[in-house]
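Data file: model-v4.cif. Format and content: mmCIF, C-alpha atoms and all ligand atoms.
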data_query
#
loop_
_atom_site.label_atom_id
_atom_site.label_comp_id
_atom_site.auth_asym_id
_atom_site.auth_seq_id
_atom_site.Cartn_x
_atom_site.Cartn_y
_atom_site.Cartn_z
CA MET A 97 76.95 106.45 136.84
CA ASN A 98 73.55 106.79 135.29
CA ARG A 99 72.03 107.05 138.74
CA ILE A 100 74.51 109.74 139.80
CA ILE A 101 73.60 111.89 136.81
CA HIS A 102 69.87 111.40 137.50
CA ALA A 103 70.41 112.34 141.15
CA LYS A 104 72.26 115.48 140.12
CA VAL A 105 69.46 116.43 137.77
CA SER A 106 66.76 116.07 140.40
CA ILE A 107 68.68 118.09 143.02
CA LEU A 108 69.20 120.86 140.48
CA ALA A 109 65.54 120.73 139.53
CA LEU A 110 64.56 120.95 143.21
CA VAL A 111 66.85 123.95 143.79
CA ALA A 112 65.44 125.59 140.69
CA MET A 113 61.88 125.04 141.89
CA VAL A 114 62.57 126.48 145.34
CA PHE A 115 64.32 129.59 144.02
CA GLY A 116 62.19 130.02 140.92
CA MET A 117 65.20 129.76 138.62
CA PRO A 118 65.14 128.45 135.07
CA VAL A 119 66.41 124.86 134.96
CA GLN A 120 69.18 125.60 132.48
CA ALA A 121 72.00 124.08 134.50
CA GLU A 122 70.50 120.60 134.19
CA GLU A 123 72.99 117.96 133.18
CA LYS A 124 71.23 115.80 130.64
CA ALA A 125 71.54 112.05 130.97
CA PRO A 126 72.71 110.49 127.70
CA SER A 127 69.88 109.10 125.62
CA VAL A 128 69.47 105.33 125.66
CA MET A 129 68.40 103.32 122.63
CA HIS A 130 67.37 99.73 123.00
CA PHE A 131 67.50 97.54 119.88
CA THR A 132 65.56 94.33 120.48
CA ASN A 133 65.32 91.09 118.48
CA VAL A 134 68.34 91.53 116.19
CA ASN A 135 70.93 89.12 114.78
CA VAL A 136 74.35 90.68 115.24
CA PHE A 137 77.23 90.63 112.75
CA ASP A 138 80.00 92.07 114.89
CA GLY A 139 82.45 92.79 112.04
CA LYS A 140 84.88 90.11 113.22
CA GLN A 141 83.21 86.69 113.32
CA GLU A 142 81.85 84.68 110.42
CA LYS A 143 78.47 84.16 112.07
CA LEU A 144 75.44 86.02 113.31
CA LEU A 145 74.74 86.14 117.05
CA MET A 146 71.05 85.30 116.95
CA GLY A 147 68.24 86.92 118.95
CA GLN A 148 70.24 89.66 120.65
CA ASP A 149 69.47 93.03 122.20
CA VAL A 150 71.88 95.97 121.82
CA LEU A 151 71.88 98.98 124.14
CA VAL A 152 73.27 102.28 122.92
CA GLU A 153 73.94 105.00 125.48
CA GLY A 154 74.81 108.38 124.00
CA ASN A 155 77.17 107.69 121.11
CA LEU A 156 78.59 104.38 122.33
CA ILE A 157 77.45 100.75 122.49
CA LYS A 158 76.78 99.97 126.14
CA LYS A 159 75.58 96.35 126.27
CA ILE A 160 74.95 93.36 124.00
CA GLY A 161 73.02 90.29 125.12
CA LYS A 162 69.70 88.50 125.35
CA ASN A 163 66.64 90.17 126.92
CA LEU A 164 68.42 93.24 128.28
CA GLU A 165 66.77 95.67 130.70
CA ALA A 166 67.02 99.25 129.49
CA GLY A 167 64.97 101.32 131.91
CA PRO A 168 61.80 103.34 131.26
CA ASP A 169 63.49 106.25 129.44
CA ALA A 170 65.02 104.11 126.69
CA THR A 171 63.75 104.37 123.14
CA VAL A 172 62.93 100.83 122.00
CA ILE A 173 63.51 99.83 118.39
CA ASP A 174 62.17 96.39 117.54
CA GLY A 175 64.66 94.94 115.05
CA GLY A 176 62.16 92.31 113.95
CA GLY A 177 64.90 89.72 113.30
CA ARG A 178 66.96 92.01 111.08
CA THR A 179 70.76 91.93 110.99
CA LEU A 180 72.46 94.58 113.13
CA MET A 181 75.96 95.32 111.81
CA PRO A 182 78.64 98.02 111.94
CA GLY A 183 78.31 101.01 109.62
CA LEU A 184 80.44 100.44 106.50
CA ILE A 185 83.85 102.11 106.15
CA GLU A 186 85.10 103.35 102.77
CA GLY A 187 88.90 103.12 103.02
CA HIS A 188 90.01 105.10 99.96
CA ASN A 189 88.17 108.09 98.59
CA HIS A 190 88.53 111.73 97.58
CA LEU A 191 85.45 113.75 98.51
CA GLY A 192 87.20 116.95 97.45
CA LEU A 193 87.45 115.65 93.89
CA ALA A 194 83.77 115.57 92.94
CA VAL A 195 84.46 116.59 89.35
CA ASP A 196 83.20 115.19 86.07
CA SER A 197 86.56 115.94 84.51
CA PHE A 198 89.95 117.14 85.71
CA SER A 199 89.44 120.16 83.46
CA TRP A 200 86.92 121.34 86.06
CA PHE A 201 89.86 122.43 88.21
CA ASN A 202 90.30 125.17 85.63
CA THR A 203 86.75 125.71 84.45
CA ARG A 204 84.53 125.46 87.57
CA ASP A 205 84.28 127.65 90.61
CA VAL A 206 86.02 125.94 93.54
CA PHE A 207 82.87 126.38 95.65
CA TYR A 208 80.86 124.47 93.04
CA ILE A 209 83.28 121.55 93.46
CA ALA A 210 82.99 121.84 97.25
CA ALA A 211 79.18 121.80 97.05
CA ALA A 212 79.31 118.70 94.86
CA GLY A 213 81.60 116.99 97.40
CA ALA A 214 79.24 117.85 100.26
CA ALA A 215 76.38 116.22 98.32
CA GLU A 216 78.45 113.05 97.85
CA ALA A 217 79.27 112.99 101.58
CA GLU A 218 75.57 113.00 102.43
CA LYS A 219 74.79 110.29 99.86
CA LEU A 220 77.52 108.08 101.32
CA LEU A 221 76.11 108.34 104.83
CA MET A 222 72.58 107.71 103.58
CA SER A 223 73.69 104.53 101.81
CA GLY A 224 75.23 103.04 104.95
CA TRP A 225 78.84 104.24 104.77
CA THR A 226 79.39 105.88 108.16
CA THR A 227 83.14 106.57 107.84
CA VAL A 228 85.42 107.61 104.97
CA ARG A 229 89.20 107.53 104.91
CA ASP A 230 89.83 110.44 102.56
CA ILE A 231 93.21 109.81 101.04
CA GLY A 232 94.04 113.02 99.22
CA GLY A 233 92.56 116.37 98.29
CA PRO A 234 90.67 119.06 100.19
CA ALA A 235 88.58 117.14 102.74
CA MET A 236 89.29 118.89 106.05
CA GLY A 237 86.45 121.33 105.37
CA PHE A 238 84.01 118.46 104.90
CA HIS A 239 85.21 116.87 108.14
CA HIS A 240 84.62 120.08 110.09
CA ALA A 241 81.30 120.86 108.39
CA VAL A 242 80.03 117.37 109.29
CA GLU A 243 81.26 117.62 112.88
CA ASP A 244 79.71 121.08 113.27
CA GLY A 245 76.39 119.75 111.98
CA ARG A 246 76.30 122.05 108.94
CA ILE A 247 76.16 119.15 106.49
CA ARG A 248 75.22 115.50 106.90
CA GLY A 249 77.98 113.05 106.14
CA PRO A 250 80.15 110.20 107.39
CA ARG A 251 83.08 110.54 109.78
CA ILE A 252 85.98 111.74 107.64
CA TYR A 253 89.66 110.93 108.12
CA ALA A 254 91.23 113.64 105.96
CA SER A 255 94.72 113.56 104.43
CA GLY A 256 94.51 116.97 102.78
CA PRO A 257 96.95 117.73 99.96
CA VAL A 258 98.90 114.74 98.64
CA ILE A 259 102.67 115.12 98.51
CA GLY A 260 104.57 114.29 95.35
CA GLN A 261 107.72 115.09 93.46
CA THR A 262 108.12 117.31 90.43
CA SER A 263 106.96 115.26 87.43
CA GLY A 264 105.30 112.75 89.77
CA HIS A 265 101.74 111.54 90.24
CA GLY A 266 100.88 114.63 92.32
CA ASP A 267 102.08 116.97 89.58
CA PHE A 268 98.83 117.80 87.80
CA ARG A 269 100.14 120.79 85.82
CA GLU A 270 99.60 121.10 82.10
CA LEU A 271 102.84 121.15 80.11
CA ASN A 272 103.20 124.94 80.06
CA ASP A 273 102.05 125.63 83.63
CA PRO A 274 104.80 127.19 85.77
CA HIS A 275 106.37 125.30 88.69
CA PRO A 276 104.97 126.66 91.98
CA ASN A 277 108.39 126.73 93.65
CA MET A 278 110.28 128.19 90.68
CA ILE A 279 107.91 130.98 89.71
CA ASP A 280 105.67 132.86 92.12
CA TYR A 281 102.43 131.20 91.04
CA THR A 282 99.85 129.05 92.77
CA HIS A 283 96.91 127.41 91.06
CA PRO A 284 93.72 128.22 92.98
CA PHE A 285 92.80 124.54 93.33
CA TYR A 286 96.04 122.57 93.04
CA GLU A 287 97.31 124.04 96.29
CA TYR A 288 94.58 122.06 98.05
CA LEU A 289 95.08 118.98 95.91
CA SER A 290 98.83 118.44 96.06
CA PHE A 291 102.15 119.87 97.22
CA ILE A 292 105.05 119.44 94.84
CA ALA A 293 108.16 118.90 96.95
CA ASP A 294 111.65 117.67 96.05
CA GLY A 295 114.51 116.72 98.35
CA PRO A 296 114.17 115.63 102.02
CA ALA A 297 113.85 119.20 103.35
CA GLU A 298 111.00 120.15 101.02
CA VAL A 299 109.25 116.84 101.65
CA GLN A 300 109.44 117.40 105.41
CA ARG A 301 108.05 120.90 105.03
CA ALA A 302 105.20 119.64 102.86
CA VAL A 303 104.29 116.92 105.38
CA ARG A 304 104.39 119.43 108.23
CA GLU A 305 102.25 121.91 106.29
CA ALA A 306 99.62 119.21 105.60
CA LEU A 307 99.65 118.36 109.32
CA ARG A 308 99.28 122.04 110.18
CA ARG A 309 96.16 122.09 108.04
CA GLY A 310 94.73 119.16 109.99
CA ALA A 311 95.74 116.01 108.11
CA VAL A 312 95.29 112.89 110.26
CA GLN A 313 97.34 110.69 107.94
CA ILE A 314 99.62 111.72 105.06
CA LYS A 315 99.43 110.55 101.46
CA VAL A 316 102.64 110.50 99.41
CA MET A 317 102.99 109.60 95.74
CA ALA A 318 105.64 106.85 95.44
CA GLY A 319 105.20 105.95 91.78
CA GLY A 320 103.31 106.45 88.53
CA GLY A 321 99.53 106.85 88.57
CA VAL A 322 96.62 106.95 86.16
CA SER A 323 94.99 110.36 86.61
CA SER A 324 98.11 112.48 86.00
CA SER A 325 99.16 112.58 82.36
CA ILE A 326 102.91 112.87 82.67
CA ASP A 327 104.29 109.95 84.69
CA PRO A 328 104.25 106.38 83.33
CA LEU A 329 103.19 103.57 85.69
CA TYR A 330 106.69 102.06 85.74
CA THR A 331 108.19 105.21 87.32
CA VAL A 332 109.51 105.15 90.87
CA GLN A 333 108.97 108.41 92.72
CA TYR A 334 110.93 109.72 95.69
CA SER A 335 114.36 108.51 96.72
CA PRO A 336 114.74 106.43 99.90
CA ALA A 337 116.03 109.55 101.70
CA GLU A 338 112.99 111.60 100.64
CA MET A 339 110.62 108.82 101.70
CA ARG A 340 112.32 108.42 105.07
CA ALA A 341 112.04 112.18 105.60
CA ALA A 342 108.28 111.95 105.06
CA VAL A 343 107.96 108.97 107.41
CA GLU A 344 109.92 110.76 110.16
CA ALA A 345 107.93 113.99 109.87
CA ALA A 346 104.65 112.06 110.13
CA ALA A 347 105.89 109.86 112.99
CA ASP A 348 106.91 112.96 114.98
CA TYR A 349 103.26 113.97 114.81
CA GLY A 350 102.07 110.55 115.93
CA THR A 351 100.77 109.40 112.56
CA TYR A 352 101.84 107.55 109.42
CA ILE A 353 102.50 107.70 105.69
CA ALA A 354 100.30 105.98 103.14
CA VAL A 355 101.70 105.87 99.61
CA HIS A 356 100.18 105.64 96.19
CA ALA A 357 102.19 102.82 94.54
CA TYR A 358 101.51 100.37 91.71
CA ASN A 359 104.81 98.70 90.88
CA ASP A 360 107.10 96.44 92.93
CA THR A 361 110.05 98.83 93.17
CA SER A 362 107.86 101.64 94.54
CA ILE A 363 106.21 99.26 97.02
CA ILE A 364 109.45 97.67 98.25
CA ARG A 365 111.24 101.00 98.61
CA SER A 366 108.29 102.42 100.57
CA ALA A 367 108.10 99.36 102.83
CA GLU A 368 111.80 99.64 103.63
CA ALA A 369 111.44 103.35 104.42
CA GLY A 370 108.78 102.78 107.11
CA VAL A 371 105.59 103.52 105.17
CA LYS A 372 102.54 101.85 106.78
CA VAL A 373 99.98 101.50 103.95
CA ILE A 374 100.25 100.88 100.20
CA GLU A 375 97.29 102.33 98.28
CA HIS A 376 96.42 100.38 95.09
CA GLY A 377 99.45 98.05 94.59
CA THR A 378 97.73 97.03 91.38
CA LEU A 379 100.84 95.83 89.49
CA MET A 380 102.46 94.05 92.44
CA THR A 381 104.03 90.60 92.34
CA GLN A 382 104.97 88.14 95.10
CA ALA A 383 108.23 90.05 95.74
CA ALA A 384 106.26 93.12 96.83
CA VAL A 385 103.94 91.00 98.98
CA ASP A 386 106.95 89.46 100.74
CA ALA A 387 108.36 92.93 101.52
CA MET A 388 105.00 94.12 102.81
CA ILE A 389 104.60 91.14 105.13
CA GLU A 390 108.20 91.43 106.33
CA HIS A 391 107.82 95.13 107.21
CA ASP A 392 104.19 94.88 108.45
CA VAL A 393 102.91 97.12 105.67
CA TRP A 394 99.19 96.94 104.88
CA LEU A 395 97.47 97.03 101.48
CA MET A 396 94.44 99.06 100.34
CA PRO A 397 93.50 97.71 96.87
CA SER A 398 90.50 98.62 94.70
CA CYS A 399 88.41 96.45 92.37
CA GLN A 400 85.35 98.18 90.92
CA VAL A 401 87.24 101.27 89.76
CA LEU A 402 89.11 99.05 87.29
CA ASN A 403 85.78 97.82 85.93
CA LEU A 404 84.53 101.31 85.07
CA SER A 405 83.24 101.54 81.52
CA GLU A 406 85.12 103.34 78.75
CA GLU A 407 82.40 105.96 78.99
CA ALA A 408 82.90 106.49 82.72
CA VAL A 409 86.63 107.11 82.27
CA GLY A 410 86.15 109.01 79.03
CA PHE A 411 87.27 112.27 80.63
CA LEU A 412 90.82 110.97 81.06
CA SER A 413 93.56 112.17 78.71
CA GLU A 414 94.85 109.76 76.08
CA GLU A 415 97.97 109.10 78.19
CA SER A 416 95.88 108.42 81.30
CA LEU A 417 93.52 106.13 79.40
CA GLY A 418 96.49 104.01 78.29
CA LYS A 419 97.64 103.75 81.91
CA PHE A 420 94.11 102.82 83.04
CA THR A 421 94.12 99.84 80.64
CA GLN A 422 97.55 98.78 81.94
CA ALA A 423 96.37 98.93 85.56
CA ARG A 424 93.24 96.95 84.72
CA ASP A 425 95.38 94.13 83.39
CA GLY A 426 97.01 93.79 86.83
CA LEU A 427 93.79 93.16 88.77
CA GLU A 428 93.48 89.39 88.33
CA LEU A 429 97.04 88.70 89.52
CA GLN A 430 96.63 91.07 92.46
CA MET A 431 93.44 89.37 93.62
CA ARG A 432 95.14 85.95 93.30
CA LEU A 433 98.14 87.16 95.34
CA ILE A 434 95.79 88.37 98.08
CA GLN A 435 94.05 84.97 98.11
CA GLU A 436 97.40 83.15 98.33
CA ASN A 437 98.89 85.34 101.09
CA PRO A 438 96.58 85.33 104.11
CA ASP A 439 99.26 87.05 106.23
CA LEU A 440 98.90 90.23 104.18
CA VAL A 441 96.58 92.74 105.90
CA VAL A 442 94.11 93.97 103.28
CA GLY A 443 91.62 96.83 103.64
CA PHE A 444 88.56 97.90 101.68
CA GLY A 445 88.76 101.08 99.59
CA THR A 446 87.12 101.98 96.31
CA ASP A 447 88.95 105.01 94.84
CA LEU A 448 85.61 105.73 93.13
CA PHE A 449 85.48 109.51 92.86
CA GLY A 450 84.95 112.11 90.15
CA SER A 451 81.48 112.19 88.64
CA ALA A 452 78.29 111.53 90.63
CA GLY A 453 78.00 108.33 88.60
CA ASN A 454 81.39 107.13 89.83
CA PHE A 455 80.58 107.89 93.49
CA ALA A 456 77.31 106.01 93.06
CA GLN A 457 79.27 102.83 92.29
CA ILE A 458 80.95 102.71 95.73
CA PRO A 459 78.65 99.93 97.06
CA LEU A 460 79.52 97.82 93.99
CA GLU A 461 83.02 97.36 95.41
CA LEU A 462 81.38 94.78 97.71
CA THR A 463 80.12 92.60 94.88
CA CYS A 464 83.21 93.20 92.73
CA LEU A 465 85.35 91.69 95.51
CA GLU A 466 82.86 88.87 96.03
CA GLN A 467 84.06 87.42 92.71
CA TYR A 468 87.31 86.58 94.54
CA PHE A 469 86.48 86.40 98.26
CA THR A 470 83.68 85.22 100.56
CA PRO A 471 81.07 87.76 101.69
CA PHE A 472 82.55 87.49 105.19
CA GLU A 473 86.08 88.34 104.01
CA VAL A 474 84.73 91.35 102.10
CA LEU A 475 82.58 92.58 104.99
CA ARG A 476 85.28 92.07 107.58
CA ARG A 477 87.57 94.33 105.53
CA ALA A 478 84.84 96.97 105.11
CA THR A 479 84.20 97.00 108.87
CA SER A 480 86.63 95.79 111.55
CA ILE A 481 89.81 95.65 109.44
CA ASN A 482 89.21 99.12 108.03
CA GLY A 483 88.66 100.20 111.63
CA GLN A 484 92.25 99.10 112.29
CA PHE A 485 93.47 101.13 109.30
CA LEU A 486 91.75 104.20 110.80
CA ALA A 487 93.39 103.53 114.17
CA LEU A 488 96.85 103.81 112.56
CA THR A 489 96.37 107.58 112.90
CA GLY A 490 97.27 107.16 116.61
CA GLN A 491 97.22 110.47 118.45
CA ARG A 492 95.91 112.21 115.33
CA ASN A 493 92.79 110.00 115.37
CA PRO A 494 89.82 112.38 115.55
CA TYR A 495 87.62 109.67 117.10
CA GLN A 496 89.29 108.24 120.19
CA GLU A 497 86.37 107.27 122.44
CA GLY A 498 86.14 103.73 121.08
CA PRO A 499 86.81 101.51 118.07
CA LEU A 500 85.05 101.86 114.71
CA GLY A 501 83.82 99.04 112.46
CA VAL A 502 82.77 96.65 115.22
CA ILE A 503 79.71 95.86 117.28
CA GLU A 504 81.12 95.46 120.77
CA VAL A 505 80.75 97.10 124.16
CA GLY A 506 82.54 100.47 124.16
CA ALA A 507 82.55 100.84 120.36
CA TYR A 508 81.08 103.86 118.61
CA ALA A 509 77.38 103.42 117.86
CA ASP A 510 77.73 103.40 114.06
CA ILE A 511 75.06 100.85 113.26
CA LEU A 512 73.02 99.51 110.35
CA LEU A 513 69.83 97.44 110.52
CA VAL A 514 69.63 95.27 107.42
CA GLU A 515 66.94 93.05 105.98
CA GLY A 516 68.48 89.65 105.32
CA ASN A 517 71.90 88.20 106.09
CA PRO A 518 74.80 89.97 104.33
CA LEU A 519 77.10 87.05 105.19
CA GLU A 520 75.14 85.10 102.56
CA GLY A 521 75.75 87.79 99.93
CA THR A 522 76.68 91.45 100.05
CA SER A 523 74.41 92.48 97.17
CA ILE A 524 71.69 93.30 99.70
CA LEU A 525 73.90 96.21 100.82
CA VAL A 526 74.26 97.41 97.22
CA ASP A 527 70.47 97.69 97.15
CA TYR A 528 70.65 99.93 100.23
CA GLU A 529 67.39 101.83 99.57
CA GLU A 530 65.45 98.59 99.95
CA ASN A 531 67.46 96.67 102.52
CA ILE A 532 69.15 99.09 104.91
CA ASP A 533 66.24 100.11 107.12
CA LEU A 534 68.12 102.03 109.78
CA ILE A 535 71.35 104.04 109.70
CA MET A 536 72.89 105.32 112.94
CA LYS A 537 76.14 107.27 113.25
CA ASP A 538 77.55 108.35 116.59
CA GLY A 539 74.31 107.33 118.29
CA VAL A 540 72.20 109.54 116.01
CA ILE A 541 69.64 107.99 113.64
CA TYR A 542 69.80 109.33 110.05
CA LYS A 543 67.44 106.85 108.42
CA ASN A 544 64.71 104.77 110.01
CA THR A 545 61.97 103.10 107.98
CA LEU A 546 60.89 100.98 110.97
CA SER A 547 59.05 103.71 112.78
CA ASP A 548 56.45 104.32 110.08
ZN ZN P 1 92.97 107.60 95.13
#

Render the structure in this file as structure tokens.
Amino acid sequence: MNRIIHAKVSILALVAMVFGMPVQAEEKAPSVMHFTNVNVFDGKQEKLLMGQDVLVEGNLIKKIGKNLEAGPDATVIDGGGRTLMPGLIEGHNHLGLAVDSFSWFNTRDVFYIAAAGAAEAEKLLMSGWTTVRDIGGPAMGFHHAVEDGRIRGPRIYASGPVIGQTSGHGDFRELNDPHPNMIDYTHPFYEYLSFIADGPAEVQRAVREALRRGAVQIKVMAGGGVSSSIDPLYTVQYSPAEMRAAVEAAADYGTYIAVHAYNDTSIIRSAEAGVKVIEHGTLMTQAAVDAMIEHDVWLMPSCQVLNLSEEAVGFLSEESLGKFTQARDGLELQMRLIQENPDLVVGFGTDLFGSAGNFAQIPLELTCLEQYFTPFEVLRRATSINGQFLALTGQRNPYQEGPLGVIEVGAYADILLVEGNPLEGTSILVDYEENIDLIMKDGVIYKNTLSD
């Protein structure tokens, strides 16, 4: 195919020469990048493939093997024995919520908050996180701005507004704020953050409206959460009929429902209704795990966020702070349940959003999890398994040319070159400034300290 394109180019060039035309119609051959002398972690196997070459053509991985031939036009990058691995995937974040405090939704200009989110997107990419699953809040704009090349950032799988019931975890109103469906009033920010919907018909409309705005997966609030003040963690949100309505509306658009859920009842009810992913699950017991395995429901837990200091969560209301402490107490049991149930599919997501300081802790999720799991288990979740979570978006998947989170022929060229072997300890990825020498996303290099 390469040869055909080259042939086409030269015929066009010849025609242009003869007729004195500008050579604008030239079809450009995709650029070829040739990584030599690298040890490959492919995202799936607990070993490095030593002494490999990797060929990238355009935005995809073309070949992997020893001593590959790349042709004279290829750009050669000598890996010098570094580890070549997939770009990291953050499975649970909220780029649209770059706020020091929830009061900012009332006190800051919405464009200030957007600018802060764009800055966090760039920082994520430049620390080795090449994809983000954004699981609630205004993130479609970031996705489009990245794809249009206006800002630098990771690939973004946006959910858009979360969907929750009146008095649920998506209901962020202060006590005396009017209900958006009862009084003609819309908060300038909340409309992007959450839709309040009650009853199957309203839930369906909310899901469809989020899809209309470009959501690739849908986030629904199925039980109590920390950041809203009103709903205790024991609460179960949405009836089975409401949850099924959400699942059906998403399925009709070729995608799935992920739910925020902490307690067993919320998790089991969601699993039975056809939900695909449980976010958090922090207060789950074995009964919830059994339901998840039975219904092939996957789990996206978070570790580091529950280790945030009192100071870091100081902006929370008194009610929310109490709930934060309660959630933190569930972490040890949750990690033990994950260890004891290898059939449960578990992703990697931090839920670290808010202040710049919170976003900066995202890489620490790696070492937080390493207290309970091997570096390989942690890295596999942050690469190939998270890639499978992204693929749940089916026909809504914005990146369909190949898989993400793996180093294999045909996969997207989202690639890191790392000093050292992360399978011996992920802390080298926390110190990304020092150890991640090259960052490539979609075949484009964003950081390269090897060339100077
Ligand atoms: Zn979250």

Open item on the list: Here is a test: counting all atoms listed in the file, which residue of A:Asn155, A:Ser405, A:Thr470, A:Gln261 is nearest to A:Val505?
Closed with: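 Smallest separation from A:Val505 among the options: A:Asn155.
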
- [ ] All residues within 9 Å of ligand ZN 1 (chain P) are required, counting all atoms listed in the file; please report them as a VMD selection string.
- [x] chain A and resid 188 to 190 230 to 232 356 375 to 376 445 to 449

Open item on the list: Would you pick out the contacts of A:Ser413 at 9 Å or less, using only C-alpha atoms, so that residues sharing its chain but fewer than 6 positions from it are not included, and give the list as a list of chain:residue names?
Closed with: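 With the cut-off at 9 Å, the set is A:Ser323, A:Ser324, A:Ser325.
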
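Compared by their closest atoms to A:Met396, and using only C-alpha atoms, the residues A:Arg246, A:Arg365, A:Arg477, A:Lys124 rank with A:Arg477 nearest.
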
- [ ] May I have the residues within 9 Å of stretch 453-469 of chain A as a ChimeraX atom specification, using all atoms listed in the file and disregarding those fewer than 5 positions away in the same chain?
- [x] /A:186,194,196,216,219-220,223,225,398-401,403-404,408,431-432,435,444-448,474-475,478,521-523,525-528

- [ ] For atom CA of A:Leu329 and atom CA of A:Glu368, quote the distance in Å rounded to one decimal.
- [x]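 Rounded to one decimal, the two atoms are 20.3 Å apart.
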
TODO: Quick one: pull the distance between atom CA of A:Asn359 and atom CA of A:Gln300, Å, one decimal.
DONE: 24.1 Å

Could N, CA, C and O atoms be built for stretch 426-437 of chain A and written out as a compact mmCIF listing (two decimals), in the coordinates of the input?
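Saved to rebuild_39.txt:
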# COMPACT_ATOMS: atom_id res chain seq x y z
N GLY A 426 96.35 94.32 85.64
CA GLY A 426 97.01 93.79 86.83
C GLY A 426 96.05 93.22 87.86
O GLY A 426 96.46 92.52 88.79
N LEU A 427 94.76 93.49 87.71
CA LEU A 427 93.79 93.16 88.77
C LEU A 427 93.73 91.67 89.10
O LEU A 427 93.74 91.30 90.28
N GLU A 428 93.65 90.82 88.07
CA GLU A 428 93.48 89.39 88.33
C GLU A 428 94.63 88.82 89.16
O GLU A 428 94.42 88.10 90.13
N LEU A 429 95.87 89.20 88.77
CA LEU A 429 97.04 88.70 89.52
C LEU A 429 97.01 89.23 90.94
O LEU A 429 97.28 88.51 91.90
N GLN A 430 96.65 90.51 91.10
CA GLN A 430 96.63 91.07 92.46
C GLN A 430 95.63 90.33 93.34
O GLN A 430 95.93 90.00 94.49
N MET A 431 94.45 90.07 92.82
CA MET A 431 93.44 89.37 93.62
C MET A 431 93.93 87.96 93.98
O MET A 431 93.71 87.48 95.08
N ARG A 432 94.61 87.29 93.03
CA ARG A 432 95.14 85.95 93.30
C ARG A 432 96.22 86.02 94.39
O ARG A 432 96.25 85.18 95.30
N LEU A 433 97.09 87.03 94.33
CA LEU A 433 98.14 87.16 95.34
C LEU A 433 97.53 87.39 96.73
O LEU A 433 98.04 86.88 97.73
N ILE A 434 96.45 88.14 96.78
CA ILE A 434 95.79 88.37 98.08
C ILE A 434 95.21 87.05 98.60
O ILE A 434 95.35 86.72 99.78
N GLN A 435 94.60 86.28 97.70
CA GLN A 435 94.05 84.97 98.11
C GLN A 435 95.15 84.06 98.64
O GLN A 435 94.96 83.34 99.62
N GLU A 436 96.32 84.10 98.00
CA GLU A 436 97.40 83.15 98.33
C GLU A 436 98.24 83.59 99.52
O GLU A 436 99.09 82.83 99.98
N ASN A 437 98.05 84.82 99.99
CA ASN A 437 98.89 85.34 101.09
C ASN A 437 98.02 85.84 102.24
O ASN A 437 97.86 87.05 102.44
